[in-house]
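Student: Got structure25.csv for you, CSV, C-alpha atoms:
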chain,number,residue,atom,x,y,z
A,1,MET,CA,0.0,0.0,0.0
A,2,PRO,CA,2.7,2.5,0.8
A,3,ARG,CA,4.2,1.9,-2.6
A,4,ILE,CA,0.9,2.6,-4.2
A,5,ARG,CA,0.5,5.8,-2.2
A,6,VAL,CA,3.9,7.0,-3.1
A,7,GLY,CA,3.2,6.2,-6.8
A,8,LEU,CA,-0.1,8.1,-6.7
A,9,LEU,CA,1.6,11.0,-4.9
A,10,LEU,CA,4.3,11.1,-7.5
A,11,ALA,CA,1.8,10.9,-10.4
A,12,ALA,CA,-0.3,13.7,-8.9
A,13,THR,CA,2.8,15.8,-8.5
A,14,ILE,CA,3.8,15.3,-12.1
A,15,VAL,CA,0.3,16.1,-13.3
A,16,ALA,CA,0.3,19.2,-11.2
A,17,MET,CA,3.7,20.4,-12.3
A,18,THR,CA,2.8,19.7,-16.0
A,19,SER,CA,-0.4,21.7,-15.6
A,20,TRP,CA,1.4,24.5,-14.0
A,21,ILE,CA,4.0,24.7,-16.8
A,22,ILE,CA,1.4,24.6,-19.5
A,23,ALA,CA,-0.6,27.2,-17.7
A,24,VAL,CA,2.3,29.5,-17.3
A,25,ARG,CA,3.3,29.0,-21.0
A,26,PHE,CA,-0.2,30.0,-22.0
A,27,VAL,CA,-0.3,33.0,-19.8
A,28,ARG,CA,3.1,34.1,-21.1
A,29,ALA,CA,1.9,33.6,-24.7
A,30,ASP,CA,-1.2,35.7,-23.9
A,31,VAL,CA,1.0,38.4,-22.4
A,32,SER,CA,3.3,38.3,-25.4
A,33,ASP,CA,0.4,38.4,-27.9
A,34,ALA,CA,-1.1,41.3,-26.0
A,35,THR,CA,2.1,43.2,-26.1
A,36,THR,CA,2.5,42.6,-29.8
A,37,ALA,CA,-1.1,43.6,-30.4
A,38,GLN,CA,-0.6,46.8,-28.5
A,39,GLY,CA,2.6,47.5,-30.4
A,40,LEU,CA,0.9,46.9,-33.7
A,41,ALA,CA,-1.9,49.2,-32.7
A,42,ALA,CA,0.7,51.8,-31.7
A,43,TRP,CA,2.4,51.4,-35.0
A,44,GLU,CA,-0.8,52.1,-36.9
A,45,GLN,CA,-0.9,55.4,-35.1
A,46,VAL,CA,2.7,56.1,-36.1
A,47,TYR,CA,1.9,55.1,-39.7
A,48,SER,CA,-1.0,57.5,-39.8
A,49,VAL,CA,1.5,60.3,-39.1
A,50,LEU,CA,4.2,59.1,-41.4
A,51,THR,CA,1.8,59.1,-44.4
A,52,HIS,CA,0.5,62.6,-43.7
A,53,PRO,CA,1.5,65.1,-46.4
A,54,ARG,CA,3.7,67.0,-43.9
A,55,CYS,CA,5.8,63.9,-43.6
A,56,ILE,CA,5.5,61.8,-46.7
A,57,ASN,CA,6.0,64.7,-49.1
A,58,CYS,CA,9.7,64.5,-48.5
A,59,HIS,CA,9.8,60.7,-48.4
A,60,THR,CA,9.3,60.2,-52.1
A,61,ALA,CA,10.6,57.3,-54.3
A,62,THR,CA,11.2,59.7,-57.1
A,63,ASN,CA,13.7,62.4,-58.2
A,64,TYR,CA,11.6,65.2,-56.7
A,65,PRO,CA,9.8,66.2,-53.5
A,66,GLN,CA,6.1,66.9,-53.3
A,67,GLN,CA,4.2,69.8,-51.7
A,68,GLY,CA,0.7,70.6,-50.5
A,69,ASP,CA,-2.0,68.4,-49.1
A,70,ASP,CA,-2.7,67.1,-52.6
A,71,ARG,CA,1.0,66.1,-52.7
A,72,HIS,CA,1.7,67.5,-56.1
A,73,ARG,CA,5.2,67.6,-57.5
A,74,HIS,CA,7.3,70.5,-56.1
A,75,VAL,CA,7.2,73.6,-58.3
A,76,ALA,CA,10.2,75.1,-60.1
A,77,ASN,CA,11.5,71.8,-61.4
A,78,VAL,CA,13.2,71.1,-58.1
A,79,VAL,CA,15.1,67.8,-58.1
A,80,ARG,CA,16.5,65.5,-55.4
A,81,GLY,CA,20.2,65.8,-56.2
A,82,PRO,CA,23.0,63.5,-55.1
A,83,GLU,CA,22.8,64.4,-51.4
A,84,ASP,CA,19.0,64.8,-51.2
A,85,LYS,CA,19.4,68.5,-50.9
A,86,GLY,CA,18.7,69.7,-54.4
A,87,VAL,CA,21.4,70.7,-56.9
A,88,PRO,CA,23.9,73.7,-56.9
A,89,GLY,CA,21.6,76.2,-58.7
A,90,LEU,CA,18.5,74.9,-57.1
A,91,ASN,CA,19.3,73.9,-53.5
A,92,CYS,CA,16.6,73.2,-51.0
A,93,ALA,CA,18.3,75.9,-48.9
A,94,GLY,CA,17.9,78.4,-51.7
A,95,CYS,CA,14.3,78.9,-50.6
A,96,HIS,CA,13.8,77.0,-47.3
A,97,GLN,CA,15.5,78.9,-44.5
A,98,GLU,CA,16.1,77.9,-40.9
A,99,THR,CA,12.5,78.7,-39.9
A,100,ASN,CA,9.2,79.2,-41.6
A,101,ALA,CA,8.8,82.4,-43.6
A,102,ASP,CA,5.1,83.1,-42.9
A,103,SER,CA,5.2,86.4,-44.7
A,104,THR,CA,6.1,84.7,-48.0
A,105,GLY,CA,4.5,81.3,-47.3
A,106,VAL,CA,7.7,79.3,-47.6
A,107,PRO,CA,8.2,76.6,-44.9
A,108,GLY,CA,11.6,76.3,-43.3
A,109,GLY,CA,13.6,74.3,-40.8
A,110,HIS,CA,17.1,73.3,-40.0
A,111,ASN,CA,18.9,71.4,-42.8
A,112,TRP,CA,15.9,71.2,-45.0
A,113,HIS,CA,16.2,68.2,-47.3
A,114,LEU,CA,14.6,65.1,-48.7
A,115,ALA,CA,14.7,61.8,-46.9
A,116,PRO,CA,17.1,59.4,-48.6
A,117,LEU,CA,15.6,56.9,-51.1
A,118,SER,CA,16.1,54.1,-48.6
A,119,MET,CA,13.5,55.8,-46.5
A,120,ARG,CA,10.9,56.2,-49.3
A,121,TRP,CA,7.4,55.6,-48.1
A,122,GLN,CA,5.7,55.7,-51.4
A,123,ASP,CA,6.0,53.9,-54.7
A,124,ILE,CA,7.3,55.5,-58.0
A,125,ASN,CA,3.7,56.6,-58.7
A,126,ASP,CA,3.6,58.6,-55.5
A,127,ARG,CA,1.2,56.2,-53.8
A,128,PRO,CA,2.0,55.6,-50.1
A,129,LEU,CA,3.4,52.1,-49.3
A,130,SER,CA,1.4,49.8,-47.1
A,131,SER,CA,1.7,49.9,-43.3
A,132,GLY,CA,3.8,46.7,-43.3
A,133,GLU,CA,6.1,47.9,-46.0
A,134,VAL,CA,6.8,51.3,-44.3
A,135,CYS,CA,7.2,49.5,-41.0
A,136,ARG,CA,9.8,47.1,-42.4
A,137,ALA,CA,11.7,49.9,-44.1
A,138,VAL,CA,11.7,52.0,-40.9
A,139,THR,CA,13.0,49.1,-38.8
A,140,ASP,CA,15.6,48.0,-41.3
A,141,ARG,CA,18.9,49.2,-39.9
A,142,SER,CA,20.6,48.9,-43.3
A,143,LYS,CA,18.1,51.5,-44.6
A,144,ASN,CA,17.3,53.7,-41.5
A,145,ASN,CA,20.8,55.1,-40.7
A,146,ASN,CA,21.4,52.2,-38.4
A,147,LEU,CA,18.7,53.3,-35.8
A,148,ASP,CA,17.6,50.8,-33.2
A,149,GLY,CA,14.3,51.1,-31.4
A,150,PRO,CA,15.5,53.8,-28.9
A,151,GLY,CA,17.2,55.5,-31.8
A,152,LEU,CA,13.9,55.6,-33.7
A,153,LEU,CA,12.1,57.0,-30.7
A,154,LYS,CA,14.7,59.7,-30.3
A,155,HIS,CA,14.4,60.6,-34.0
A,156,ASN,CA,10.7,61.0,-33.7
A,157,GLU,CA,11.0,62.9,-30.5
A,158,ASP,CA,13.8,65.3,-31.3
A,159,GLU,CA,14.6,65.6,-35.0
A,160,PRO,CA,13.9,69.2,-36.1
A,161,LEU,CA,12.3,68.3,-39.4
A,162,VAL,CA,10.1,65.7,-37.7
A,163,LYS,CA,8.9,68.4,-35.2
A,164,TRP,CA,8.4,70.8,-38.0
A,165,ALA,CA,5.4,68.8,-39.1
A,166,TRP,CA,3.6,70.2,-36.0
A,167,ASN,CA,4.7,73.8,-36.8
A,168,PRO,CA,4.5,73.9,-40.5
A,169,GLY,CA,3.7,77.6,-40.8
A,170,ARG,CA,1.4,79.4,-43.3
A,171,ARG,CA,0.7,78.8,-46.9
A,172,PRO,CA,1.4,81.7,-49.4
A,173,ASP,CA,-2.3,82.6,-49.1
A,174,GLY,CA,-1.9,83.1,-45.3
A,175,THR,CA,-3.9,80.0,-44.2
A,176,MET,CA,-2.3,77.5,-41.9
A,177,ARG,CA,-0.9,74.2,-43.3
A,178,THR,CA,-2.7,71.2,-42.0
A,179,LEU,CA,-1.2,69.1,-39.2
A,180,PRO,CA,-0.8,65.4,-38.7
A,181,PRO,CA,-3.7,63.5,-37.2
A,182,MET,CA,-2.4,63.6,-33.6
A,183,THR,CA,-0.2,65.8,-31.5
A,184,HIS,CA,3.6,65.4,-31.4
A,185,GLU,CA,3.3,64.2,-27.8
A,186,GLU,CA,0.8,61.6,-28.8
A,187,PHE,CA,3.0,60.6,-31.8
A,188,VAL,CA,6.0,60.2,-29.5
A,189,ALA,CA,3.9,58.2,-27.0
A,190,ALA,CA,2.7,55.9,-29.7
A,191,THR,CA,6.3,55.5,-31.0
A,192,ARG,CA,7.4,54.6,-27.4
A,193,ARG,CA,4.7,51.9,-27.0
A,194,TRP,CA,5.6,50.5,-30.4
A,195,VAL,CA,9.4,50.4,-29.5
A,196,GLU,CA,8.7,48.9,-26.1
A,197,ALA,CA,6.7,46.2,-27.8
A,198,GLY,CA,9.7,45.3,-29.9
A,199,THR,CA,8.9,47.4,-33.0
A,200,PRO,CA,6.5,44.7,-34.4
A,201,CYS,CA,5.4,45.1,-38.0
A,202,PRO,CA,2.2,44.0,-39.7
A,203,ALA,CA,2.8,40.7,-41.4
A,204,THR,CA,0.6,41.3,-44.3
A,205,ARG,CA,1.7,42.9,-47.6
B,1,MET,CA,10.4,98.3,-38.5
B,2,ALA,CA,13.9,97.1,-37.6
B,3,THR,CA,17.4,97.9,-38.6
B,4,TYR,CA,19.6,95.3,-40.3
B,5,GLN,CA,23.3,95.4,-41.0
B,6,LEU,CA,23.9,93.6,-44.3
B,7,ASN,CA,27.0,92.5,-46.1
B,8,VAL,CA,26.2,93.1,-49.8
B,9,ASN,CA,28.9,92.4,-52.3
B,10,GLY,CA,31.5,92.8,-49.6
B,11,GLN,CA,30.2,96.2,-48.4
B,12,ARG,CA,28.4,96.9,-45.1
B,13,ARG,CA,24.9,98.3,-45.8
B,14,GLU,CA,22.3,99.3,-43.2
B,15,VAL,CA,18.6,99.3,-43.8
B,16,THR,CA,15.6,100.0,-41.7
B,17,VAL,CA,12.6,98.0,-43.0
B,18,ASP,CA,9.8,95.8,-41.9
B,19,PRO,CA,11.2,92.4,-40.9
B,20,SER,CA,8.9,90.6,-43.3
B,21,THR,CA,10.2,92.6,-46.3
B,22,PRO,CA,11.7,90.1,-48.9
B,23,LEU,CA,15.4,90.5,-49.5
B,24,LEU,CA,14.6,91.3,-53.2
B,25,TRP,CA,12.8,94.5,-52.3
B,26,VAL,CA,15.4,95.6,-49.8
B,27,LEU,CA,18.0,95.3,-52.7
B,28,ARG,CA,15.8,97.0,-55.3
B,29,GLU,CA,13.9,99.6,-53.3
B,30,ASP,CA,16.1,100.4,-50.3
B,31,LEU,CA,19.6,99.9,-51.7
B,32,ARG,CA,18.7,100.8,-55.3
B,33,MET,CA,20.4,97.7,-56.7
B,34,THR,CA,18.0,97.0,-59.5
B,35,GLY,CA,20.1,94.3,-61.3
B,36,THR,CA,18.3,91.6,-59.4
B,37,LYS,CA,14.8,91.3,-61.0
B,38,PHE,CA,11.3,90.6,-59.8
B,39,GLY,CA,9.7,87.9,-61.9
B,40,CYS,CA,7.0,85.8,-60.2
B,41,GLY,CA,7.4,86.6,-56.5
B,42,ILE,CA,6.9,83.0,-55.5
B,43,SER,CA,10.3,81.5,-56.3
B,44,ALA,CA,9.1,79.8,-59.4
B,45,CYS,CA,11.1,81.6,-62.1
B,46,GLY,CA,14.6,82.3,-60.7
B,47,ALA,CA,14.8,86.0,-61.9
B,48,CYS,CA,15.5,87.2,-58.4
B,49,THR,CA,18.4,84.8,-57.7
B,50,VAL,CA,21.3,86.1,-55.5
B,51,HIS,CA,23.9,84.2,-53.5
B,52,LEU,CA,23.4,84.0,-49.8
B,53,ALA,CA,26.5,82.6,-48.2
B,54,GLY,CA,27.3,81.1,-51.6
B,55,VAL,CA,23.9,79.4,-52.0
B,56,ALA,CA,21.9,80.4,-55.0
B,57,THR,CA,18.8,81.9,-53.3
B,58,ARG,CA,15.5,83.2,-54.4
B,59,SER,CA,15.5,86.6,-52.9
B,60,CYS,CA,11.8,87.2,-53.5
B,61,ILE,CA,10.7,84.8,-50.8
B,62,VAL,CA,13.4,85.3,-48.2
B,63,PRO,CA,12.3,87.8,-45.5
B,64,ILE,CA,15.1,90.2,-44.6
B,65,SER,CA,14.8,89.0,-41.0
B,66,HIS,CA,16.0,85.5,-42.1
B,67,VAL,CA,19.2,86.8,-43.7
B,68,GLY,CA,21.3,87.3,-40.6
B,69,ASP,CA,25.0,87.9,-41.1
B,70,ARG,CA,25.3,85.8,-44.2
B,71,PRO,CA,27.1,87.6,-47.1
B,72,ILE,CA,24.9,88.5,-50.0
B,73,VAL,CA,26.3,88.6,-53.6
B,74,THR,CA,24.2,90.1,-56.3
B,75,ILE,CA,24.6,90.4,-60.1
B,76,GLU,CA,26.3,93.7,-59.4
B,77,GLY,CA,29.0,92.0,-57.5
B,78,ILE,CA,29.4,88.6,-59.2
B,79,GLY,CA,32.0,89.9,-61.6
B,80,GLN,CA,34.4,90.4,-58.7
B,81,ASP,CA,34.6,86.6,-58.5
B,82,SER,CA,36.8,84.7,-61.0
B,83,VAL,CA,34.1,82.2,-61.8
B,84,GLY,CA,31.5,85.0,-62.0
B,85,ARG,CA,33.8,86.9,-64.4
B,86,ALA,CA,34.2,83.8,-66.6
B,87,VAL,CA,30.5,83.3,-66.8
B,88,GLN,CA,29.8,86.9,-67.7
B,89,ASP,CA,32.5,86.8,-70.4
B,90,ALA,CA,31.0,83.6,-71.8
B,91,TRP,CA,27.6,85.1,-71.8
B,92,VAL,CA,28.9,88.0,-73.9
B,93,GLU,CA,30.9,85.8,-76.2
B,94,THR,CA,28.0,83.5,-76.8
B,95,ASP,CA,25.6,86.4,-77.1
B,96,VAL,CA,23.2,84.6,-74.8
B,97,VAL,CA,20.8,87.4,-74.0
B,98,GLN,CA,17.7,88.3,-75.9
B,99,CYS,CA,15.4,90.5,-73.9
B,100,GLY,CA,17.7,90.0,-70.9
B,101,TYR,CA,15.2,90.2,-68.1
B,102,CYS,CA,15.9,86.8,-66.6
B,103,GLN,CA,19.6,86.8,-67.3
B,104,SER,CA,20.9,88.1,-64.0
B,105,GLY,CA,19.2,85.2,-62.3
B,106,GLN,CA,20.5,82.8,-65.0
B,107,ILE,CA,24.1,84.0,-64.4
B,108,MET,CA,23.8,83.7,-60.6
B,109,SER,CA,22.6,80.1,-60.9
B,110,ALA,CA,25.2,79.3,-63.5
B,111,VAL,CA,28.0,80.6,-61.2
B,112,ALA,CA,26.6,78.5,-58.3
B,113,LEU,CA,26.6,75.5,-60.6
B,114,LEU,CA,30.2,76.0,-61.8
B,115,LYS,CA,31.6,76.7,-58.4
B,116,HIS,CA,30.2,73.3,-57.2
B,117,THR,CA,30.6,71.4,-60.5
B,118,PRO,CA,33.4,72.9,-62.6
B,119,LYS,CA,32.7,70.5,-65.5
B,120,PRO,CA,29.0,70.0,-65.6
B,121,THR,CA,27.2,67.5,-67.8
B,122,ASP,CA,24.2,68.4,-69.8
B,123,GLN,CA,22.1,66.8,-67.0
B,124,ASN,CA,23.9,68.9,-64.4
B,125,ILE,CA,23.1,72.0,-66.3
B,126,GLU,CA,19.4,71.0,-66.9
B,127,GLU,CA,18.9,70.2,-63.3
B,128,SER,CA,20.7,73.2,-61.8
B,129,MET,CA,19.2,75.7,-64.3
B,130,GLY,CA,15.8,74.1,-64.3
B,131,GLY,CA,14.4,76.7,-61.9
B,132,ASN,CA,15.4,79.6,-64.1
B,133,LEU,CA,12.8,80.4,-66.7
B,134,CYS,CA,13.5,82.3,-69.9
B,135,ARG,CA,10.5,83.3,-72.0
B,136,CYS,CA,12.8,84.1,-74.9
B,137,GLY,CA,13.9,80.5,-74.9
B,138,THR,CA,17.6,81.2,-74.8
B,139,TYR,CA,18.3,77.8,-73.1
B,140,PRO,CA,20.5,76.4,-75.8
B,141,ARG,CA,22.8,79.4,-75.6
B,142,ILE,CA,22.8,79.4,-71.9
B,143,ARG,CA,24.0,75.8,-72.0
B,144,GLU,CA,26.6,76.7,-74.5
B,145,ALA,CA,27.8,79.6,-72.5
B,146,ILE,CA,28.1,77.5,-69.3
B,147,LYS,CA,30.3,75.0,-71.2
B,148,THR,CA,32.4,77.9,-72.6
B,149,ALA,CA,32.8,79.2,-69.1
B,150,SER,CA,33.7,75.8,-67.8
B,151,ALA,CA,36.4,75.4,-70.4
B,152,GLN,CA,37.7,78.8,-69.6
B,153,ILE,CA,37.9,78.0,-65.9
B,154,ALA,CA,39.6,74.7,-66.7
B,155,LYS,CA,42.3,76.5,-68.7
B,156,GLY,CA,42.9,78.7,-65.7
B,157,GLY,CA,41.6,81.7,-67.4
B,158,ALA,CA,39.3,82.4,-64.5
Could you rewrite the structure in this file as structure tokens?

Tutor:
Amino acid sequence: MPRIRVGLLLAATIVAMTSWIIAVRFVRADVSDATTAQGLAAWEQVYSVLTHPRCINCHTATNYPQQGDDRHRHVANVVRGPEDKGVPGLNCAGCHQETNADSTGVPGGHNWHLAPLSMRWQDINDRPLSSGEVCRAVTDRSKNNNLDGPGLLKHNEDEPLVKWAWNPGRRPDGTMRTLPPMTHEEFVAATRRWVEAGTPCPATR
Amino acid sequence: MATYQLNVNGQRREVTVDPSTPLLWVLREDLRMTGTKFGCGISACGACTVHLAGVATRSCIVPISHVGDRPIVTIEGIGQDSVGRAVQDAWVETDVVQCGYCQSGQIMSAVALLKHTPKPTDQNIEESMGGNLCRCGTYPRIREAIKTASAQIAKGGA
């Protein structure tokens, strides 16, 4: 009888331990899934800003920047140039000064330039890339100036041309340029949630 | 109104104007330097091009308050520069000008191009000069003159 009791006790212990391990694994999986889901939700908020005209107009896949909410080709035959800053007779800085010029309607900011082609967020027909495509480009350190998650967060938080999107100045007709769909603080908070979740990207497309 | 100390073609100039006044109008109206032309007023034609710290700049859309202490070079002063002199000589030799209204802007952009790219390709010329419009259509002679100036600079004649 004692042998049987010991055997039953051992079996019960094994069953209990196995159940506990399985349960913990499921809980951890649930937590992980929840974190990823939250990260993906945060990414979609980030994506909504990145594809706003104030941002994506200078993240083209072509030889020129865009302008306006209709994202038309930049006037005056402006071209990208080898360093993404225009060409000698037609530099970005030849019009865009260090700050907005509201009296003439020309936007400005420090080191005005196009994003490099590795950071294009549109196709060659000026259509925004999908959420997954932009996410994968933004997180690819061979394309994003070798930024890791904290680096991406710092970029979105501090880069002057990123912050310009929330202070874009007036158009030549005196009206205010439109702003991205959330505040800069909300954008940074969404970026932080996405980074803390491990910068997950949508799997589709 | 505010007072600004400017460096124009190497000379100190003082103006008292509204801070929002475009640099073009300070040059033309306050300093009476009318070589720089008003074309479109929205940086679309290039007629108002000057150099601001060496950068070809559309003076019609740059408020004077944004200039700071950066040196300004206009068409009146570009001949003091060897590349500028070569471009002006080439312009005369090639007889580029027709009505002439856009040409001071054309020359300022051409000098900026040649200072950065002494031996420009046709594509370099098209891209750098693409923002300077000429309603007389002198583009082929502008291109020829830029190449003439480039050759002159290469020979050390500038």

Student: Would you mind telling me which residue in B:Gln88, B:Gln152, B:Ser104, B:Ser59 lies nearest to chain A when using all atoms listed in the file?

Tutor: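 Residue with the minimum atom-to-atom distance to chain A: B:Ser59.
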
Student: Near Leu117 in chain A, counting all atoms listed in the file, which residues have an atom at most 8 Å away, once you skip same-chain residues fewer than 4 positions from it, shown as a list of chain:residue names?

Tutor: A:His59, A:Thr60, A:Ala61, A:Thr62

Student: Keeping C-alpha atoms for every residue in the selection just given, could you write it to a file as a PDB file, in the coordinates of the input?

Tutor:
ATOM      1  CA  HIS A  59       9.800  60.700 -48.400  1.00  0.00           C
ATOM      2  CA  THR A  60       9.300  60.200 -52.100  1.00  0.00           C
ATOM      3  CA  ALA A  61      10.600  57.300 -54.300  1.00  0.00           C
ATOM      4  CA  THR A  62      11.200  59.700 -57.100  1.00  0.00           C
TER       5      THR A  62
END

Student: Is there a way to get, as a list in words, all residues within 12 Å of the point (29.3, 87.7, -37.8) in file coordinates, counting all atoms listed in the file?

Tutor: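 Using all atoms listed in the file, the matching residues come out as Gln5, Leu6, Asn7, Arg12, Ala53, Val67, Gly68, Asp69, Arg70 and Pro71 of chain B.
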
Student: Residues within 9 Å of Gly10 in chain B, please, as a list in words. Count all atoms listed in the file; anything in the same chain fewer than 5 positions from it doesn't count.

Tutor: Pro71, Ile72, Val73 and Gly77 of chain B

Student: Under the rule of at most 6 Å, produce a per-residue listing of chain B near chain A: chain, number, name, the closest pair of atoms, and the distance in Å, as JSON lines, using only C-alpha atoms.

Tutor:
{"residue": "B:Ser20", "atom": "CA", "partner": "A:Ser103", "partner_atom": "CA", "distance": 5.8}
{"residue": "B:Ala44", "atom": "CA", "partner": "A:Ala76", "partner_atom": "CA", "distance": 4.9}
{"residue": "B:Ala56", "atom": "CA", "partner": "A:Gly94", "partner_atom": "CA", "distance": 5.6}
{"residue": "B:Thr57", "atom": "CA", "partner": "A:Gly94", "partner_atom": "CA", "distance": 4.0}
{"residue": "B:Arg58", "atom": "CA", "partner": "A:Cys95", "partner_atom": "CA", "distance": 5.9}
{"residue": "B:Ile61", "atom": "CA", "partner": "A:Thr104", "partner_atom": "CA", "distance": 5.4}
{"residue": "B:Ser109", "atom": "CA", "partner": "A:Gly89", "partner_atom": "CA", "distance": 4.6}
{"residue": "B:Ala112", "atom": "CA", "partner": "A:Gly89", "partner_atom": "CA", "distance": 5.5}
{"residue": "B:Leu113", "atom": "CA", "partner": "A:Pro88", "partner_atom": "CA", "distance": 4.9}
{"residue": "B:Ser128", "atom": "CA", "partner": "A:Gly89", "partner_atom": "CA", "distance": 4.4}
{"residue": "B:Gly130", "atom": "CA", "partner": "A:Asn77", "partner_atom": "CA", "distance": 5.7}
{"residue": "B:Gly131", "atom": "CA", "partner": "A:Ala76", "partner_atom": "CA", "distance": 4.8}

Student: Determine, counting all atoms listed in the file, which protein, DNA and RNA residues have an atom within 9 Å of an atom of Ala86 in chain B; residues of the same chain fewer than 4 positions away are not included. Present the result as a list of chain:residue names.

Tutor: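 Surrounding residues, per the criterion: B:Gly79, B:Asp81, B:Ser82, B:Ala90, B:Trp91, B:Val111, B:Thr148, B:Ala149, B:Ser150, B:Gln152, B:Ile153, B:Gly157, B:Ala158.
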
Student: Hey, what's within 12 Å of Ala37 in chain A if we count all atoms listed in the file and toss same-chain stuff fewer than 5 positions away? As a PyMOL selection string, please?

Tutor: chain A and resi 29-32+42-44+193-194+196-202

Student: Rounded to one decimal place, report the CA of Val195 in chain A-CA of Glu159 in chain A distance in Å.

Tutor: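 According to the coordinates, CA of Val195 in chain A and CA of Glu159 in chain A are separated by 17.0 Å.
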